[in-house]
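Enquirer: target_35.txt (compact mmCIF, C-alpha atoms) pasted underneath:
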# COMPACT_ATOMS: atom_id res chain seq x y z
CA MET S 1 -74.05 -10.88 57.94
CA ILE S 2 -75.81 -13.32 55.70
CA SER S 3 -79.10 -14.69 56.92
CA ARG S 4 -81.17 -17.63 55.76
CA GLU S 5 -84.28 -15.72 56.69
CA ASN S 6 -86.36 -13.85 54.15
CA ASN S 7 -87.01 -10.91 56.46
CA VAL S 8 -83.60 -9.27 56.10
CA ASP S 9 -83.41 -5.53 56.66
CA PHE S 10 -81.09 -4.82 53.74
CA MET S 11 -79.55 -6.61 50.78
CA ILE S 12 -76.21 -5.66 49.21
CA ASP S 13 -75.80 -6.55 45.57
CA ASP S 14 -73.72 -5.15 42.72
CA GLY S 15 -72.69 -2.01 44.63
CA LEU S 16 -76.26 -1.26 45.68
CA LEU S 17 -77.95 -1.16 49.09
CA ILE S 18 -81.50 -2.44 48.71
CA SER S 19 -84.39 -2.44 51.18
CA LYS S 20 -87.77 -4.04 50.46
CA GLY S 21 -87.02 -4.14 46.75
CA ARG S 22 -86.03 -0.45 46.61
CA ILE S 23 -82.54 0.97 46.07
CA VAL S 24 -81.79 3.22 49.04
CA ALA S 25 -78.07 3.91 48.55
CA GLY S 26 -75.12 3.06 46.34
CA LYS S 27 -74.47 2.88 42.63
CA SER S 28 -74.62 -0.14 40.33
CA ALA S 29 -71.33 -1.56 39.08
CA LYS S 30 -73.05 -2.18 35.74
CA ALA S 31 -73.17 1.57 35.19
CA GLU S 32 -69.39 1.79 35.08
CA LYS S 33 -67.53 2.36 31.82
CA ASN S 34 -64.93 -0.37 32.16
CA LEU S 35 -64.09 -3.62 33.87
CA VAL S 36 -61.69 -2.24 36.47
CA ARG S 37 -64.11 0.40 37.73
CA ALA S 38 -66.97 -2.12 37.74
CA ILE S 39 -65.01 -4.42 40.03
CA ARG S 40 -64.00 -1.57 42.32
CA ARG S 41 -67.59 -0.31 42.46
CA ALA S 42 -68.93 -3.75 43.40
CA LEU S 43 -66.34 -3.97 46.18
CA PHE S 44 -67.13 -0.44 47.50
CA GLN S 45 -63.59 0.82 46.87
CA PHE S 46 -64.62 4.35 45.87
CA PRO S 47 -64.62 6.56 49.01
CA ASP S 48 -67.73 8.61 48.17
CA HIS S 49 -69.70 5.49 47.23
CA ARG S 50 -68.62 3.64 50.36
CA SER S 51 -69.36 6.64 52.60
CA ALA S 52 -72.88 7.04 51.23
CA VAL S 53 -73.72 3.40 52.00
CA LEU S 54 -72.00 3.52 55.41
CA ASP S 55 -73.93 6.64 56.36
CA TYR S 56 -77.24 5.05 55.43
CA LEU S 57 -76.45 1.86 57.36
CA SER S 58 -75.34 3.88 60.38
CA ALA S 59 -78.55 5.91 60.37
CA HIS S 60 -80.83 2.89 60.13
CA GLU S 61 -78.89 0.34 62.22
CA PRO S 62 -80.00 -2.83 60.41
CA PHE S 63 -80.11 -6.13 62.25
CA LYS S 64 -79.85 -8.48 59.28
CA ILE S 65 -78.02 -7.90 56.02
CA MET S 66 -77.80 -10.27 53.09
CA ILE S 67 -74.80 -9.92 50.76
CA ILE S 68 -75.04 -11.27 47.23
CA ALA S 69 -71.56 -12.16 45.96
CA THR S 70 -69.94 -14.47 43.45
CA SER S 71 -67.40 -15.85 45.92
CA VAL S 72 -66.61 -16.06 49.62
CA THR S 73 -63.65 -13.77 49.04
CA MET S 74 -65.85 -11.11 47.46
CA ALA S 75 -68.35 -11.27 50.34
CA GLU S 76 -65.56 -10.89 52.89
CA LYS S 77 -64.08 -7.91 51.05
CA ILE S 78 -67.48 -6.19 51.04
CA THR S 79 -68.01 -6.74 54.76
CA ARG S 80 -64.59 -5.26 55.52
CA ALA S 81 -65.15 -2.28 53.21
CA LEU S 82 -68.50 -1.51 54.87
CA GLU S 83 -67.20 -2.19 58.39
CA LEU S 84 -69.70 -5.00 58.94
CA PRO S 85 -69.22 -8.03 61.21
CA ALA S 86 -67.87 -11.16 59.57
CA PRO S 87 -70.62 -13.22 57.89
CA GLU S 88 -72.38 -15.65 60.22
CA PHE S 89 -72.62 -18.25 57.47
CA PHE S 90 -72.67 -18.59 53.71
CA ILE S 91 -75.37 -19.94 51.44
CA ASP S 92 -74.10 -21.53 48.25
CA ILE S 93 -76.15 -21.09 45.09
CA THR S 94 -76.60 -24.87 44.93
CA GLU S 95 -78.53 -24.72 48.23
CA VAL S 96 -81.24 -22.46 46.85
CA ALA S 97 -81.34 -23.31 43.13
CA SER S 98 -81.50 -26.58 41.24
CA PRO S 99 -78.88 -27.50 38.60
CA GLU S 100 -81.52 -26.86 35.92
CA GLU S 101 -82.24 -23.37 37.27
CA ILE S 102 -78.53 -22.55 37.32
CA ILE S 103 -78.13 -23.75 33.72
CA ASN S 104 -81.16 -21.72 32.64
CA ALA S 105 -79.83 -18.61 34.39
CA ARG S 106 -76.50 -18.96 32.62
CA ARG S 107 -78.25 -19.46 29.30
CA GLU S 108 -80.38 -16.38 29.91
CA ARG S 109 -77.33 -14.30 30.62
CA HIS S 110 -75.47 -15.62 27.59
CA GLU S 111 -78.28 -15.43 25.05
CA LYS S 112 -79.78 -12.11 26.19
CA LYS S 113 -76.40 -10.50 26.85
CA GLN S 114 -77.34 -9.46 30.39
CA HIS S 115 -74.85 -7.55 32.57
CA VAL S 116 -72.63 -6.58 29.68
CA ILE S 117 -70.46 -3.53 29.08
CA PRO S 118 -69.98 -2.36 25.48
CA VAL S 119 -66.42 -1.56 24.56
CA SER S 120 -64.69 -1.54 21.16
CA ARG S 121 -63.60 -4.36 18.84
CA THR S 122 -64.49 -8.02 18.77
CA GLN S 123 -66.04 -10.28 21.43
CA VAL S 124 -63.84 -11.30 24.33
CA ARG S 125 -63.55 -14.21 26.74
CA LYS S 126 -64.98 -14.23 30.27
CA ASN S 127 -61.76 -13.36 32.07
CA PHE S 128 -58.98 -10.86 31.72
CA ALA S 129 -56.36 -13.33 30.52
CA GLY S 130 -58.76 -14.86 28.02
CA LYS S 131 -59.62 -11.43 26.71
CA LEU S 132 -55.97 -10.73 26.00
CA ALA S 133 -55.32 -14.06 24.27
CA GLY S 134 -58.52 -13.86 22.29
CA HIS S 135 -57.50 -10.57 20.71
CA LEU S 136 -53.87 -10.97 19.81
CA TRP S 137 -54.93 -11.51 16.21
CA GLY S 138 -56.60 -8.09 16.21
CA LEU S 139 -53.58 -6.40 17.76
CA PHE S 140 -51.24 -7.72 15.07
CA ARG S 141 -53.35 -6.63 12.11
CA SER S 142 -51.49 -4.09 10.02
CA SER S 143 -54.39 -2.49 8.17
CA ASP S 144 -55.00 1.20 8.86
CA ARG S 145 -58.74 0.87 8.55
CA GLU S 146 -61.09 0.95 11.51
CA ASP S 147 -63.77 -1.69 11.94
CA GLY S 148 -67.15 -1.28 13.57
CA GLU S 149 -67.23 -4.42 15.70
CA ARG S 150 -67.98 -4.30 19.40
CA THR S 151 -66.82 -6.15 22.46
CA ILE S 152 -68.91 -7.73 25.23
CA VAL S 153 -67.17 -7.55 28.60
CA HIS S 154 -68.45 -9.61 31.53
CA PRO S 155 -66.87 -8.15 34.70
CA PRO S 156 -65.32 -11.13 36.54
CA PHE S 157 -66.09 -10.15 40.13
CA SER S 158 -64.48 -13.36 41.43
CA PHE S 159 -60.91 -12.08 40.87
CA PHE S 160 -58.54 -13.08 43.66
CA GLY S 161 -55.83 -10.71 44.83
CA THR S 162 -55.11 -7.41 43.15
CA LEU S 163 -54.66 -6.49 39.52
CA THR S 164 -51.64 -4.26 38.86
CA ILE S 165 -50.88 -2.85 35.42
CA ASP S 166 -47.34 -1.52 35.09
CA SER S 167 -46.80 1.59 32.97
CA SER S 168 -44.21 -0.29 30.91
CA ALA S 169 -46.93 -2.73 29.82
CA ILE S 170 -49.09 0.17 28.63
CA GLU S 171 -46.09 1.65 26.83
CA ASP S 172 -45.43 -1.66 25.04
CA VAL S 173 -49.03 -1.81 23.84
CA VAL S 174 -48.93 1.79 22.63
CA ARG S 175 -45.59 1.35 20.87
CA HIS S 176 -46.76 -1.77 19.07
CA VAL S 177 -50.10 -0.35 17.96
CA VAL S 178 -48.55 2.87 16.67
CA SER S 179 -45.75 0.99 14.88
CA LEU S 180 -48.28 -1.00 12.87
CA SER S 181 -48.81 1.95 10.56
CA PRO S 182 -46.34 2.02 7.62
CA GLN S 183 -46.27 5.82 7.85
CA ILE S 184 -44.87 5.76 11.38
CA ALA S 185 -41.12 5.67 10.86
CA GLU S 186 -40.19 5.76 14.54
CA VAL S 187 -41.83 6.04 17.96
CA ARG S 188 -39.50 8.44 19.74
CA ASN S 189 -41.17 8.89 23.10
CA ILE S 190 -44.26 7.84 25.07
CA ARG S 191 -45.36 9.71 28.17
CA ILE S 192 -48.02 8.18 30.41
CA ARG S 193 -49.84 10.03 33.18
CA SER S 194 -52.57 8.44 35.27
CA ASP S 195 -55.15 9.77 37.69
CA ASP S 196 -57.06 6.98 39.44
CA ASP S 197 -58.22 4.81 36.50
CA VAL S 198 -57.86 7.52 33.84
CA ILE S 199 -54.83 7.69 31.55
CA THR S 200 -53.38 10.57 29.53
CA LEU S 201 -50.94 9.67 26.73
CA GLU S 202 -48.46 11.82 24.82
CA ILE S 203 -46.77 10.07 21.88
CA THR S 204 -43.93 11.61 19.85
CA VAL S 205 -43.27 10.05 16.45
CA ASN S 206 -41.31 10.48 13.22
CA VAL S 207 -43.48 10.01 10.15
CA ALA S 208 -43.19 9.42 6.41
CA PRO S 209 -45.49 10.64 3.62
CA GLY S 210 -48.14 8.18 2.50
CA LYS S 211 -51.81 7.72 1.65
CA LEU S 212 -52.93 9.64 4.76
CA ASN S 213 -52.12 13.27 5.39
CA PHE S 214 -50.56 13.94 8.77
CA ARG S 215 -53.77 15.16 10.38
CA GLN S 216 -55.60 12.00 9.27
CA LEU S 217 -52.68 9.87 10.44
CA GLY S 218 -52.70 11.50 13.87
CA ARG S 219 -56.44 11.11 14.34
CA MET S 220 -56.33 7.49 13.24
CA GLN S 221 -53.54 6.76 15.72
CA GLN S 222 -55.47 8.50 18.50
CA ARG S 223 -58.47 6.21 17.92
CA ARG S 224 -56.39 3.04 17.64
CA VAL S 225 -54.27 3.76 20.73
CA ALA S 226 -57.27 4.74 22.88
CA SER S 227 -59.17 1.62 21.80
CA ALA S 228 -56.23 -0.73 22.45
CA VAL S 229 -55.24 0.68 25.84
CA ARG S 230 -58.85 0.86 27.03
CA TYR S 231 -59.44 -2.69 25.86
CA PHE S 232 -56.33 -4.37 27.28
CA THR S 233 -56.24 -2.49 30.60
CA GLY S 234 -59.89 -1.68 31.29
CA MET S 235 -58.90 1.91 32.11
CA ASP S 236 -60.45 5.10 30.79
CA ILE S 237 -58.50 7.32 28.40
CA ALA S 238 -58.64 11.07 29.05
CA SER S 239 -56.68 12.02 25.93
CA VAL S 240 -54.15 10.78 23.39
CA ASP S 241 -51.85 13.45 21.95
CA ILE S 242 -49.81 12.59 18.85
CA ARG S 243 -46.79 14.84 18.31
CA ILE S 244 -44.89 14.72 15.00
CA SER S 245 -41.20 15.41 15.57
CA GLU S 246 -39.79 14.85 12.07
CA VAL S 247 -40.96 14.06 8.55
CA LEU S 248 -38.64 11.59 6.84
CA LEU S 249 -38.62 11.89 3.04
CA SER S 250 -36.48 8.88 2.26
Can you turn what I pasted into structure tokens?

Expert:
Amino acid sequence: MISRENNVDFMIDDGLLISKGRIVAGKSAKAEKNLVRAIRRALFQFPDHRSAVLDYLSAHEPFKIMIIATSVTMAEKITRALELPAPEFFIDITEVASPEEIINARRERHEKKQHVIPVSRTQVRKNFAGKLAGHLWGLFRSSDREDGERTIVHPPFSFFGTLTIDSSAIEDVVRHVVSLSPQIAEVRNIRIRSDDDVITLEITVNVAPGKLNFRQLGRMQQRRVASAVRYFTGMDIASVDIRISEVLLS
């Protein structure tokens, strides 16, 4: 339930259960390694996380709970996940903050890089689709060198519906990234295994001699594939195995 009163028993924000300014249960979504896990954490979709908060609420039987969310949909998903009654009413940010305060808060977040998750490569847009479009130029670069730029990811907790990433999409990304190297003559096979949000990749290739020896080539491809898949899907990479099937001399 969301209350207009200040004397709420608990506040739920960002995956955390807070009482009197003190975190009593939960884990912050900002501590997650990628966008997908951050969203799931904020929505209490991990069983152990959800159980810990449910147990604490059950033991203390709060009367009033305030939920901080970025949308009505998000608030409703949290109440269902935590088995709470439907919200009594909603308070829009415009009811408690002036337009100037909202602008200042956005400026603070933008300029001081608050609530950001470091990933690899260049800066991205605020949503998943924008992130993809904003980085097509980086995906199509053919240089074998690695750059040291970093990405700022703002988890968009106002997503509607569910995000599904088909394995064929991951395979297409892997095939394209690997094929960018002139020493990769052919991508013969790509095997993808997933466990929750963690991916294991096995890539079999035919190669040609060039400026990199085969060990260097394999390590470079491991880094590039892991970076691309992590970036475009938001999923963690457990391992990337590069298997050389044949060496083509002509």

Enquirer: Skip S:Arg41 itself and residues of its chain fewer than 4 positions away, then list as a count of residues only all residues within 7 Å of it, counting all atoms listed in the file.

Expert: 5

Enquirer: Tell me, as an NGL selection string, which residues lie within 12 Å of S:Leu82, counting only C-alpha atoms; anything in the same chain fewer than 5 positions away does not count.

Expert: :S and (1 or 12 or 15 or 17 or 26 or 42-47 or 49-58 or 65 or 67 or 75-77)

Enquirer: List the neighbours of S:Ala226 out to 12 Å using all atoms listed in the file; skip same-chain residues closer than 4 positions along the sequence, and give me the result as a ChimeraX atom specification.

Expert: /S:119-121,170,173-174,177-178,198-203,219-222,230-242

Enquirer: When distances are computed from all atoms listed in the file, which of S:Thr79, S:Ala69, S:Phe90, S:Ala169 shows the smallest separation from S:Asp14?

Expert: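 Closest to S:Asp14, using all atoms listed in the file: S:Ala69.
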
Enquirer: Figure out the distance between atom CA of S:Leu248 and atom CA of S:Val207, please, to one decimal in Å.

Expert: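 Interatomic distance here is 6.1 Å.
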
Enquirer: Do you have the atom CA of S:Asn206-atom CA of S:Glu186 distance handy?

Expert: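 Between these atoms lies a distance of 5.0 Å.
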
Enquirer: Atom CA of S:Met11 and atom CA of S:Ile78, how far apart in Å?

Expert: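 Taking atom CA of S:Ile78 as the start and atom CA of S:Met11 as the end point, the length is 12.1 Å.
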
Enquirer: Compare S:Ile102, S:Lys64, S:Gly210, S:Phe10 by their minimum atom-to-atom distance to S:Pro85, counting all atoms listed in the file, and give me the closest one.

Expert: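 Nearest candidate to S:Pro85 out of S:Ile102, S:Lys64, S:Gly210, S:Phe10: S:Lys64.
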
Enquirer: Give me the residues near S:Asp92 as a PyMOL selection string, where near means some atom within 12 Å (using all atoms listed in the file) and where sequence neighbours in that chain fewer than 3 positions away do not count.

Expert: chain S and resi 2+4+67-72+75+89+95-98+102
